[in-house]
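Chemist: Mind looking over this structure? Questions follow.
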Amino acid sequence: LAASLGACASATSLPAPPGAEPPPSLKEAFGRLMPFGSAVTPEQLRGPEAAFIARHFNVLVAENVMKPEFLAPKQEGQYEFGPADELVNFALARGMKVRGHTLLWHRQMPAWFFKEGNAVVSRAMLIARVERYIADVVGHFKGRVYAWDVVNEAVTVDEPDAQADANGLRIAEFYKIIGPEYIDIAFRAAAKADPDALLFYNDYETQNPKKVALVSRLVSGLKARGVKIDGIGHQAHCSAGHPGVADFERAIDAYARLGVTQHVTELDIALNHNLMDTTVTAATPELLARQARRYGELVSLFLRKRAQVTALLVWGIGDSYTWLTSWPVKRFEAPLLFDTA
């Protein structure tokens, strides 16, 4: 199975040309071992990609339309659920699961969240807004979204221009106004709105030893205070040489000792070495073969650890839709399992 995923990374197109043999269904092969999914957009569910998505995945997550700036772009209490409902309904009609991404993040928050008139919102008001927003959103999708990324990227390690406290917590708007307890508030509100949903802390570079220690401290503290947290999400934005498989394995083992499950939430494997690298200008056979081996190595690890890692999602259905061609710099990339259509 790991080899078949690697083969998809190097040789499969999206979708198959007319008359060509269709690729094997990854859902059928992988889904019997753990939920296997992708980030999607509502537009993809209306077009020719819809059948492809239904064939290969049994979990969907919204790339953007379930983030706060999309669900409540204008003002408090006013929601635009239409695109997200379309995605959820598509999935449920086909027996697929849905992950919710994401309730609180320091990015992609609507401006009104942190304003009270022309001034910065008060602490009490922001707490009330967090609780109301999460109650409304999680409540709207109650029983239809099986897992939520409640807080995204609250821990920072060696990140340029980011400030952190002694526990590695990012000092951004929620932290500045409420303090570190905003994380407790968010998880408690989500648990109250849907007690049956799995609640996750989601982050990138979760295998970095410094981050392992800080995320473990965060999760341990939440559990000690009686806050419901069910899992840790590994974004797993990787490259050909990073991260090391052994580092990832050590991190999975460390988080497992906390008594939480783990999901791989946003897997992709870049051809360039890092986010600022623009060296690669084409997907050569050599680069694709190296990438395929990396997919095989990582997926083999996740399968060996499937008692701890209980879902795997890639961040996009094919190279045409990857975020890595436009952020943080424009460049060539082909990081996903399926090629550009």
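In the structure tokens, the first chain shown is A, the next is B, and so on; residue numbers restart at 1 for each chain, and ligands run from 1 in the order shown.
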Identify, on the basis of only C-alpha atoms, every residue whose closest approach to range 166-172 of chain A does not exceed 6 Å; exclude the query and any residue fewer than 4 positions from it along the same chain; express the result as a list in words.
Modeler: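 Counting only C-alpha atoms, the residues come to Ala154, Val155, Thr156 and Lys176 of chain A.
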Chemist: Once you have the residues from the selection above, write them out as a PDB file, in the first residue's frame, restricted to all heavy atoms.
Modeler:
ATOM      1  N   ALA A 154      -0.878  27.280  17.678  1.00  0.00           N
ATOM      2  CA  ALA A 154      -0.720  28.157  18.841  1.00  0.00           C
ATOM      3  C   ALA A 154       0.681  28.094  19.432  1.00  0.00           C
ATOM      4  O   ALA A 154       1.045  28.951  20.240  1.00  0.00           O
ATOM      5  CB  ALA A 154      -1.740  27.787  19.915  1.00  0.00           C
ATOM      6  N   VAL A 155       1.463  27.101  19.054  1.00  0.00           N
ATOM      7  CA  VAL A 155       2.825  26.936  19.559  1.00  0.00           C
ATOM      8  C   VAL A 155       3.801  27.325  18.460  1.00  0.00           C
ATOM      9  O   VAL A 155       3.611  26.948  17.298  1.00  0.00           O
ATOM     10  CB  VAL A 155       3.075  25.477  20.006  1.00  0.00           C
ATOM     11  CG1 VAL A 155       4.540  25.252  20.355  1.00  0.00           C
ATOM     12  CG2 VAL A 155       2.183  25.124  21.188  1.00  0.00           C
ATOM     13  N   THR A 156       4.821  28.085  18.797  1.00  0.00           N
ATOM     14  CA  THR A 156       5.790  28.505  17.795  1.00  0.00           C
ATOM     15  C   THR A 156       7.202  28.228  18.275  1.00  0.00           C
ATOM     16  O   THR A 156       7.523  28.438  19.448  1.00  0.00           O
ATOM     17  CB  THR A 156       5.625  30.000  17.444  1.00  0.00           C
ATOM     18  OG1 THR A 156       6.615  30.374  16.476  1.00  0.00           O
ATOM     19  CG2 THR A 156       5.747  30.895  18.659  1.00  0.00           C
ATOM     20  N   LYS A 176      -2.828  37.930  23.294  1.00  0.00           N
ATOM     21  CA  LYS A 176      -2.616  39.285  23.800  1.00  0.00           C
ATOM     22  C   LYS A 176      -3.826  39.794  24.579  1.00  0.00           C
ATOM     23  O   LYS A 176      -3.686  40.483  25.590  1.00  0.00           O
ATOM     24  CB  LYS A 176      -2.322  40.237  22.643  1.00  0.00           C
ATOM     25  CG  LYS A 176      -0.970  40.033  21.979  1.00  0.00           C
ATOM     26  CD  LYS A 176      -0.828  40.968  20.791  1.00  0.00           C
ATOM     27  CE  LYS A 176       0.491  40.756  20.063  1.00  0.00           C
ATOM     28  NZ  LYS A 176       0.603  41.619  18.857  1.00  0.00           N
TER      29      LYS A 176
END
Chemist: Run DSSP on the backbone and give me the residues of range 91-251 of chain A it puts in strand (DSSP E or B), as a PyMOL selection string.
Modeler: chain A and resi 97-105+115-116+119-120+147-152+155+164+169-170+198-203+231-234+237-239
Chemist: Pick out the closest residue to Ala240 in chain A from this set: A:Val264, A:Ala39, A:Ala334, A:Ala50. Count only C-alpha atoms.
Modeler: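 Answer, going by the shortest atom-to-atom distance: A:Ala334.
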Chemist: Taking the chain letters and numbering used in this document, name the residues of range 286-328 of chain A that DSSP puts in helix (DSSP H, G or I), as number ranges by chain.
Modeler: A: 286-304, 319-321, 323-325
Chemist: Please determine, counting only C-alpha atoms, which residue among A:Arg293, A:Arg188, A:His234, A:Arg55 has the shortest atom-to-atom distance to Gly95 in chain A.
Modeler: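 Residue with the minimum atom-to-atom distance to Gly95 in chain A: A:Arg55.
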Chemist: Show which residues sit within 10 Å of Thr284 in chain A, as a PyMOL selection string. Count only C-alpha atoms, and ignore same-chain residues fewer than 4 positions away.
Modeler: chain A and resi 10+271+280+288-290
Chemist: A:Ala147, A:Leu199, A:Leu222, A:Leu45: which is nearest Asp184 in chain A, counting only C-alpha atoms?
Modeler: A:Leu222
Chemist: Please provide as a ChimeraX atom specification all residues within 8 Å of Ile177 in chain A, with the sequence filter that same-chain residues fewer than 6 positions apart are discarded (counting only C-alpha atoms).
Modeler: /A:121-123,126
Chemist: Please tabulate, as a tab-separated table, the residues of range 106-147 of chain A that come within 9 Å of range 66-90 of chain A, each with its closest pair of atoms and the distance in Å to one decimal, counting only C-alpha atoms and ordering rows by chain, then residue number upward.
Modeler:
residue	atom	partner	partner_atom	distance
A:Gln108	CA	A:Glu69	CA	5.5
A:Met109	CA	A:Glu69	CA	5.0
A:Pro110	CA	A:Glu69	CA	4.6
A:Ala111	CA	A:Pro73	CA	8.1
A:Trp112	CA	A:Gln75	CA	6.0
A:Phe113	CA	A:Glu76	CA	7.4
A:Arg129	CA	A:Glu76	CA	7.5
A:Arg132	CA	A:Gly77	CA	8.0
A:Tyr133	CA	A:Gly77	CA	7.3
A:Asp136	CA	A:Gly77	CA	8.0
A:Val137	CA	A:Leu71	CA	8.3
A:His140	CA	A:Phe81	CA	8.7
A:Phe141	CA	A:Asp85	CA	8.4
A:Arg144	CA	A:Val88	CA	7.2
A:Val145	CA	A:Val88	CA	7.7
Chemist: Measuring between only C-alpha atoms, which one of A:Ala197, A:Ala128, A:Ala135, A:Ala191 shows the shortest distance to Ile178 in chain A?
Modeler: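 Closest to Ile178 in chain A of all the choices is A:Ala128.
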Chemist: Within 8 Å of range 335-338 of chain A, which residues of range 216-331 of chain A come that close, and what is the closest atom pair and distance in Å for each? Count only C-alpha atoms and give it as JSON lines.
Modeler:
{"residue": "A:Asp268", "atom": "CA", "partner": "A:Pro335", "partner_atom": "CA", "distance": 5.4}
{"residue": "A:Ile269", "atom": "CA", "partner": "A:Pro335", "partner_atom": "CA", "distance": 4.7}
{"residue": "A:Ala270", "atom": "CA", "partner": "A:Pro335", "partner_atom": "CA", "distance": 4.5}
{"residue": "A:Leu271", "atom": "CA", "partner": "A:Pro335", "partner_atom": "CA", "distance": 6.3}
{"residue": "A:Val314", "atom": "CA", "partner": "A:Leu336", "partner_atom": "CA", "distance": 7.4}
{"residue": "A:Trp315", "atom": "CA", "partner": "A:Leu336", "partner_atom": "CA", "distance": 7.7}
{"residue": "A:Gly316", "atom": "CA", "partner": "A:Leu336", "partner_atom": "CA", "distance": 6.9}
{"residue": "A:Ile317", "atom": "CA", "partner": "A:Phe338", "partner_atom": "CA", "distance": 6.8}
{"residue": "A:Gly318", "atom": "CA", "partner": "A:Phe338", "partner_atom": "CA", "distance": 4.5}
{"residue": "A:Asp319", "atom": "CA", "partner": "A:Leu336", "partner_atom": "CA", "distance": 5.5}
{"residue": "A:Thr322", "atom": "CA", "partner": "A:Pro335", "partner_atom": "CA", "distance": 7.4}
{"residue": "A:Leu324", "atom": "CA", "partner": "A:Pro335", "partner_atom": "CA", "distance": 7.9}
Chemist: Of the candidates A:Lys228, A:Thr325, A:Pro243, A:Ile183, which shows the shortest atom-to-atom distance to Asn208 in chain A, using only C-alpha atoms?
Modeler: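 Ranked by minimum distance to Asn208 in chain A, first place goes to A:Pro243.
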